Amino acid sequence: MSSPRLAWSAVLLLAGAAQAVEFNQVQPEETKLVFTSKQMGVPVDGGFGRLTGQIRFDPAAPSAASARLEIDLASIDAGSAEATEEVVGKQWLNVKAFPTAGFQSTSVKALGGDRFEAVGQLTIKGQTRDLIAPFTFRQEGATGVFEGTFVLKRLDFGIGEGTWSDVSTVANEIQIRFHVVAASQHENVLQPH
Amino acid sequence: MIPATPYSAPAKLAHWLIAALILAAFPLGLYMHELPLSPEKLRLYSYHKWIGMTVLLLFMPRLLWRLVRPPPALLPGPAWQLKLAEATHWLLYLLMAAVPLCGWLMSSAKGFQVVYLGLVPLPDLVGKDQALGTLLADLHSSLAWALMVLIVVHAAAALKHHLIDRDDTLRRILPFVKLPSGDTRP
Ligand code: HEM
């Protein structure tokens, strides 16, 4: 009864083997977005718990790739209870008014080897800025892993207003590290349900 | 009157420097703790940690110096007072190391590395552990209060010697003071 579907899967698989695979199923459980801020020269780690996205990436055709990621800002952990409570507030991320931050790619290009570069726009707190995010890609079985880091200047987005805009206590530069895991469609098709 | 021997110059310096740092760190600790989160609070926390770490840094050579060059014997007095003075001194040494060490441990447990003077990153002594951090914060606070009580007792005893007994107990550790006995051995 399921043989036509199986046959279709086999065709897809063969096509996939012949051509490259597209990674397009973001795995939210394995995807991580963490950051390091500096307070009085002290590095403080934080991260976001909830992140969703749509990605289309074929390492053989990077210029056709696209990515859209959305971060649930209320899921932030700023390193301590006191800081976490503070940064969702008005002067920092103003999560009530701007619950999500997003990245939308405009182009992706290969830099050679496993290195690529995504160019796009980052929107936080209602402000949109251009962003260039270099990343590496590696395939692990049926999933693809995208990893990269970039520096975000918090004041570009009005993150930390008023007295907090003093960058001698909390530095302007925030190191962002992403680890995005996306499965290829084929795996899903072959999964016996 | 038995001629009093003064403390050595390094011992005097270490004594007053550490006393000044502790007397700065203590009220700063109490004050900063009550502030709402702000850049000022972050700054004061760092200053507090740097002052405290300086105490810990000075403590080691101070203790070493004391072992190498024992201080002059206590001036004569009732046996119980001599015993109490000696016990107080050793407890002061213990706490002047334990309080900042506990602060450093607490900072590590709370997930904040200590960067001395904003320049020298110090190793984290324990991994991040909120529950341990809270416990160490309480311990740090209790030990700091115990240290303050001891300092008050210690200073009161010194003043009693100076004002009531009128002996050289205080004078022999004061900088720039020549003892009337004329003994200036280091
Ligand atoms: C001689 C040295 C020190 C003294 C006398 C001292 C004293 C104090 C006092 C009185 C408090 C307030 C406690 C309270 O209100 O509950 C405090 C808090 C604190 N101290 Fe120290 N301290 C010293 C060294 C250090 C060091 C070396 C560090 C870290 C490297 C440190 C880290 C802290 C922190 C993080 C707090 C705040 C705790 C909290 O917010 O719960 N202290 N200290």
# chains A, B, ... in the order shown; residues from 1 in each chain; ligands from 1
call {"tool": "residues_around", "arguments": {"residues": "Phe116 in chain A", "least_positions_apart": "4", "cutoff": "12 Å", "atoms": "only C-alpha atoms", "output": "PyMOL selection string"}}
result
chain A and resi 57-63+65+107-112+132-138+146-148
call {"tool": "residues_near_ligand", "arguments": {"ligand": "ligand 1", "cutoff": "7 Å", "atoms": "only C-alpha atoms and all ligand atoms", "output": "MDAnalysis selection string"}}
result
chainID B and resid 21:23 25:27 29:30 33 45 48:53 55 96 99:101 103:104 106:107 114 134 137:138 140:141 144:145
call {"tool": "closest_atom_pairs", "arguments": {"of": "chain B", "to": "chain A", "cutoff": "8 Å", "atoms": "only C-alpha atoms", "output": "JSON lines"}}
result
{"residue": "B:Leu37", "atom": "CA", "partner": "A:Glu82", "partner_atom": "CA", "distance": 7.6}
{"residue": "B:Ser38", "atom": "CA", "partner": "A:Trp164", "partner_atom": "CA", "distance": 7.3}
{"residue": "B:Pro39", "atom": "CA", "partner": "A:Thr169", "partner_atom": "CA", "distance": 5.9}
{"residue": "B:Leu42", "atom": "CA", "partner": "A:Thr169", "partner_atom": "CA", "distance": 7.0}
{"residue": "B:Arg43", "atom": "CA", "partner": "A:Thr169", "partner_atom": "CA", "distance": 6.7}
{"residue": "B:Ser46", "atom": "CA", "partner": "A:Met40", "partner_atom": "CA", "distance": 7.0}
{"residue": "B:Lys110", "atom": "CA", "partner": "A:Ser80", "partner_atom": "CA", "distance": 7.5}
{"residue": "B:Gly111", "atom": "CA", "partner": "A:Gly79", "partner_atom": "CA", "distance": 7.1}
{"residue": "B:Phe112", "atom": "CA", "partner": "A:Val44", "partner_atom": "CA", "distance": 6.6}
{"residue": "B:Gln113", "atom": "CA", "partner": "A:Val42", "partner_atom": "CA", "distance": 6.3}
{"residue": "B:Val114", "atom": "CA", "partner": "A:Val42", "partner_atom": "CA", "distance": 6.9}
{"residue": "B:Val115", "atom": "CA", "partner": "A:Val42", "partner_atom": "CA", "distance": 6.0}
{"residue": "B:Gly118", "atom": "CA", "partner": "A:Gly41", "partner_atom": "CA", "distance": 5.0}
{"residue": "B:Leu119", "atom": "CA", "partner": "A:Gly41", "partner_atom": "CA", "distance": 7.1}
{"residue": "B:Pro121", "atom": "CA", "partner": "A:Val42", "partner_atom": "CA", "distance": 7.9}
call {"tool": "atom_distance", "arguments": {"atom1": "CA of Leu92 in chain B", "atom2": "CA of Ile151 in chain B"}}
result
7.6 Å
call {"tool": "select_by_dssp", "arguments": {"residues": "range 17-155 of chain B", "states": "alpha helix (DSSP H)", "output": "ChimeraX atom specification"}}
result
/B:17-34,39-68,79-109,130-155
call {"tool": "write_last_selection", "arguments": {"atoms": "C-alpha atoms", "output": "short mmCIF file (atom, residue, chain, number, x, y, z; two decimals), in the first residue's frame"}}
result
data_model
loop_
_atom_site.label_atom_id
_atom_site.label_comp_id
_atom_site.auth_asym_id
_atom_site.auth_seq_id
_atom_site.Cartn_x
_atom_site.Cartn_y
_atom_site.Cartn_z
CA LEU B 17 47.64 49.24 54.66
CA ILE B 18 45.52 46.14 55.23
CA ALA B 19 43.57 47.88 58.01
CA ALA B 20 42.73 50.78 55.67
CA LEU B 21 41.70 48.42 52.85
CA ILE B 22 39.45 46.34 55.12
CA LEU B 23 37.88 49.48 56.57
CA ALA B 24 37.14 50.63 53.00
CA ALA B 25 35.89 47.25 51.71
CA PHE B 26 33.45 46.70 54.58
CA PRO B 27 31.19 49.77 54.29
CA LEU B 28 31.48 49.60 50.49
CA GLY B 29 30.20 46.00 50.64
CA LEU B 30 27.23 47.01 52.76
CA TYR B 31 26.39 50.01 50.59
CA MET B 32 26.75 48.45 47.13
CA HIS B 33 24.67 45.45 48.14
CA GLU B 34 21.61 47.66 48.70
CA PRO B 39 26.34 51.10 36.17
CA GLU B 40 27.32 52.58 39.54
CA LYS B 41 26.53 49.29 41.26
CA LEU B 42 28.65 47.33 38.76
CA ARG B 43 31.51 49.77 39.27
CA LEU B 44 31.33 49.60 43.08
CA TYR B 45 31.17 45.79 43.01
CA SER B 46 34.37 45.76 40.99
CA TYR B 47 36.10 48.26 43.29
CA HIS B 48 35.03 46.19 46.29
CA LYS B 49 36.47 43.04 44.72
CA TRP B 50 39.71 44.76 43.79
CA ILE B 51 40.19 46.19 47.28
CA GLY B 52 39.42 42.80 48.82
CA MET B 53 41.75 40.96 46.46
CA THR B 54 44.49 43.42 47.38
CA VAL B 55 44.01 42.40 51.02
CA LEU B 56 44.40 38.75 50.03
CA LEU B 57 47.45 39.62 47.91
CA LEU B 58 49.12 41.49 50.79
CA PHE B 59 48.14 38.86 53.31
CA MET B 60 50.58 36.28 52.00
CA PRO B 61 53.80 38.31 52.25
CA ARG B 62 52.55 39.69 55.55
CA LEU B 63 52.13 36.25 57.09
CA LEU B 64 55.45 35.14 55.64
CA TRP B 65 57.20 38.17 57.09
CA ARG B 66 55.66 37.47 60.47
CA LEU B 67 56.95 33.89 60.42
CA VAL B 68 60.41 34.97 59.31
CA ALA B 79 48.01 36.27 81.61
CA TRP B 80 44.39 36.20 80.43
CA GLN B 81 44.91 39.45 78.54
CA LEU B 82 48.04 38.15 76.86
CA LYS B 83 46.23 34.97 75.86
CA LEU B 84 43.25 36.92 74.55
CA ALA B 85 45.48 39.30 72.61
CA GLU B 86 47.31 36.44 70.97
CA ALA B 87 44.09 34.60 70.10
CA THR B 88 42.63 37.79 68.64
CA HIS B 89 45.69 38.33 66.48
CA TRP B 90 45.59 34.84 65.01
CA LEU B 91 41.83 35.04 64.44
CA LEU B 92 42.35 38.36 62.69
CA TYR B 93 44.89 36.72 60.38
CA LEU B 94 42.49 33.88 59.72
CA LEU B 95 39.58 36.17 58.88
CA MET B 96 41.54 38.69 56.83
CA ALA B 97 42.32 35.79 54.48
CA ALA B 98 39.01 33.91 54.79
CA VAL B 99 36.76 36.90 54.02
CA PRO B 100 38.30 37.83 50.65
CA LEU B 101 38.86 34.16 49.76
CA CYS B 102 35.18 33.51 50.41
CA GLY B 103 34.31 36.56 48.27
CA TRP B 104 36.40 35.19 45.42
CA LEU B 105 34.76 31.75 45.76
CA MET B 106 31.33 33.39 45.82
CA SER B 107 32.04 35.42 42.71
CA SER B 108 33.14 32.27 40.86
CA ALA B 109 30.06 30.35 42.03
CA GLN B 130 23.70 29.43 42.08
CA ALA B 131 22.92 27.59 45.34
CA LEU B 132 26.59 27.52 46.33
CA GLY B 133 26.86 31.20 45.38
CA THR B 134 24.03 32.15 47.73
CA LEU B 135 25.54 30.06 50.53
CA LEU B 136 28.96 31.67 50.07
CA ALA B 137 27.40 35.14 49.98
CA ASP B 138 25.88 34.49 53.42
CA LEU B 139 29.16 33.10 54.67
CA HIS B 140 31.11 36.05 53.26
CA SER B 141 28.75 38.46 54.98
CA SER B 142 28.89 36.61 58.33
CA LEU B 143 32.68 36.33 58.27
CA ALA B 144 33.00 40.00 57.33
CA TRP B 145 30.85 40.95 60.33
CA ALA B 146 32.92 38.68 62.59
CA LEU B 147 36.05 40.37 61.27
CA MET B 148 34.59 43.79 62.04
CA VAL B 149 33.68 42.76 65.59
CA LEU B 150 37.23 41.49 66.12
CA ILE B 151 38.68 44.69 64.70
CA VAL B 152 36.60 46.74 67.13
CA VAL B 153 37.73 44.59 70.07
CA HIS B 154 41.34 44.75 68.86
CA ALA B 155 41.23 48.56 68.41
#
call {"tool": "closest_residue", "arguments": {"among": "A:Gln127, A:Ser184, A:Asn94, A:Ser37", "to": "Val151 in chain A", "atoms": "only C-alpha atoms"}}
result
A:Ser37
call {"tool": "residues_around", "arguments": {"residues": "range 33-35 of chain A", "least_positions_apart": "4", "cutoff": "9 Å", "atoms": "only C-alpha atoms", "output": "MDAnalysis selection string"}}
result
chainID A and resid 44:51 71 78 174:180
call {"tool": "residues_around", "arguments": {"residues": "Phe103 in chain A", "least_positions_apart": "2", "cutoff": "6 Å", "atoms": "only C-alpha atoms", "output": "PyMOL selection string"}}
result
chain A and resi 68-69+121-122
call {"tool": "select_by_dssp", "arguments": {"residues": "chain B", "states": "strand (DSSP E)", "output": "PyMOL selection string"}}
result
chain B and resi 115-116+120-121
call {"tool": "write_last_selection", "arguments": {"atoms": "N, CA, C and O atoms", "output": "PDB file, in the first residue's frame"}}
result
ATOM      1  N   VAL B 115      38.266  39.888  37.676  1.00  0.00           N
ATOM      2  CA  VAL B 115      39.320  40.443  36.824  1.00  0.00           C
ATOM      3  C   VAL B 115      39.967  41.576  37.622  1.00  0.00           C
ATOM      4  O   VAL B 115      39.408  42.664  37.733  1.00  0.00           O
ATOM      5  N   TYR B 116      41.118  41.257  38.202  1.00  0.00           N
ATOM      6  CA  TYR B 116      41.769  42.193  39.137  1.00  0.00           C
ATOM      7  C   TYR B 116      42.110  43.501  38.432  1.00  0.00           C
ATOM      8  O   TYR B 116      42.786  43.505  37.395  1.00  0.00           O
ATOM      9  N   VAL B 120      43.641  41.891  35.069  1.00  0.00           N
ATOM     10  CA  VAL B 120      44.213  40.556  35.251  1.00  0.00           C
ATOM     11  C   VAL B 120      43.106  39.544  35.569  1.00  0.00           C
ATOM     12  O   VAL B 120      42.585  39.515  36.679  1.00  0.00           O
ATOM     13  N   PRO B 121      42.725  38.716  34.586  1.00  0.00           N
ATOM     14  CA  PRO B 121      41.685  37.725  34.864  1.00  0.00           C
ATOM     15  C   PRO B 121      42.225  36.657  35.810  1.00  0.00           C
ATOM     16  O   PRO B 121      43.271  36.077  35.560  1.00  0.00           O
TER      17      PRO B 121
END
call {"tool": "atom_distance", "arguments": {"atom1": "CA of Thr143 in chain A", "atom2": "CA of Lys32 in chain A"}}
result
14.9 Å
call {"tool": "residues_around", "arguments": {"residues": "Pro99 in chain A", "least_positions_apart": "2", "cutoff": "6 Å", "atoms": "only C-alpha atoms", "output": "list in words"}}
result
Leu73, Val95 and Lys96 of chain A
call {"tool": "write_last_selection", "arguments": {"atoms": "C-alpha atoms", "output": "compact mmCIF listing (two decimals), in the first residue's frame"}}
result
# COMPACT_ATOMS: atom_id res chain seq x y z
CA LEU A 73 13.74 37.67 23.51
CA VAL A 95 10.63 42.88 25.41
CA LYS A 96 7.04 43.97 26.06
